[in-house]
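One structure below.
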Amino acid sequence: MAFQHDIPLAGRLGQLVNNEFTADVFFEVGSNHRRMYGHRNILRVGSPVFNAQLNGDFSDAKLNSLLNPIMMMDVEEDVFLQILRFIYCENAVVNQRNVVDLSQKYLLCSICEEFFALQIV
């Protein structure tokens, strides 16, 4: 895979969003059971929920592999993709449909505060 190297950091990290290249975390997401990819260290520093899930003695942390993905059935793939986009490069599309999942399930409060502030104006 060819990456762009001479772009701002957010763009470089954005190239890794749901990219199986060097992925070390594997998910099966939503009602369509779509395979999605992540990078453990980026996810852990981006969300306290992922940090807890991918750390320590949780089975998700120990058993996760391409053949044993973490099941994420409580969120649909389009929403999960926005979660990844925010964690990796703070470039997510937030709307009324996904703001609750972003804020409550993954504790990405700053993106949701910004969304609500824009709604009030």
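Residues in the structure tokens are numbered from 1 in each chain, the chains being A, B, ... in the order shown, and ligands are numbered from 1 in the order shown.
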Fill in: Shell of 12 Å around A:Cys89, only C-alpha atoms, local chain residues under 3 positions omitted, as a count of residues only
22
Discussion item. Which of stretch 8-107 of chain A end up as helix (DSSP H, G or I) when DSSP is run on this backbone - answer as a PyMOL selection string?
Written reply: chain A and resi 9-14+40-46+48-53+59-63+77-89+99-105
Surrounding residues of stretch 72-75 of chain A excluding itself and chain neighbours under 6 positions, 7 Å, only C-alpha atoms, as a PDB file with N, CA and C atoms, in the first residue's frame:
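Output saved as selection37.pdb:
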ATOM      1  N   PHE A  27     -12.032  -6.221  14.556  1.00  0.00           N
ATOM      2  CA  PHE A  27     -13.407  -6.094  15.030  1.00  0.00           C
ATOM      3  C   PHE A  27     -14.353  -6.727  14.028  1.00  0.00           C
ATOM      4  N   GLU A  28     -15.480  -7.188  14.539  1.00  0.00           N
ATOM      5  CA  GLU A  28     -16.615  -7.555  13.714  1.00  0.00           C
ATOM      6  C   GLU A  28     -17.745  -6.653  14.168  1.00  0.00           C
ATOM      7  N   VAL A  29     -18.238  -5.811  13.248  1.00  0.00           N
ATOM      8  CA  VAL A  29     -19.069  -4.673  13.638  1.00  0.00           C
ATOM      9  C   VAL A  29     -20.456  -4.737  13.014  1.00  0.00           C
ATOM     10  N   GLY A  30     -21.451  -4.432  13.855  1.00  0.00           N
ATOM     11  CA  GLY A  30     -22.809  -4.197  13.394  1.00  0.00           C
ATOM     12  C   GLY A  30     -23.571  -5.422  12.953  1.00  0.00           C
ATOM     13  N   SER A  31     -24.774  -5.160  12.471  1.00  0.00           N
ATOM     14  CA  SER A  31     -25.681  -6.246  12.074  1.00  0.00           C
ATOM     15  C   SER A  31     -25.198  -6.980  10.831  1.00  0.00           C
TER      16      SER A  31
END
Worksheet item: Neighbours of A:His39 within 7 Å (only C-alpha atoms; same-chain residues fewer than 6 positions away dropped), as JSON, numbers by chain?
Response: {"A": [23, 24, 25]}
Selection export as a CSV table (one decimal), in the first residue's frame, atoms kept: N, CA, C and O atoms:
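Dumped to result_33.csv:
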chain,number,residue,atom,x,y,z
A,23,ALA,N,-2.5,-3.5,11.1
A,23,ALA,CA,-3.6,-3.6,12.2
A,23,ALA,C,-3.2,-4.7,13.2
A,23,ALA,O,-2.7,-5.7,12.8
A,24,ASP,N,-3.5,-4.4,14.4
A,24,ASP,CA,-3.2,-5.4,15.4
A,24,ASP,C,-4.5,-5.6,16.3
A,24,ASP,O,-4.4,-6.3,17.4
A,25,VAL,N,-5.6,-5.0,15.9
A,25,VAL,CA,-6.9,-5.2,16.6
A,25,VAL,C,-7.9,-5.4,15.5
A,25,VAL,O,-7.9,-4.7,14.5
Worksheet entry | DSSP strand (DSSP E or B) residues within stretch 15-83 of chain A, as a VMD selection string | chain A and resid 25 to 29 34 to 38 65 68 70 to 72
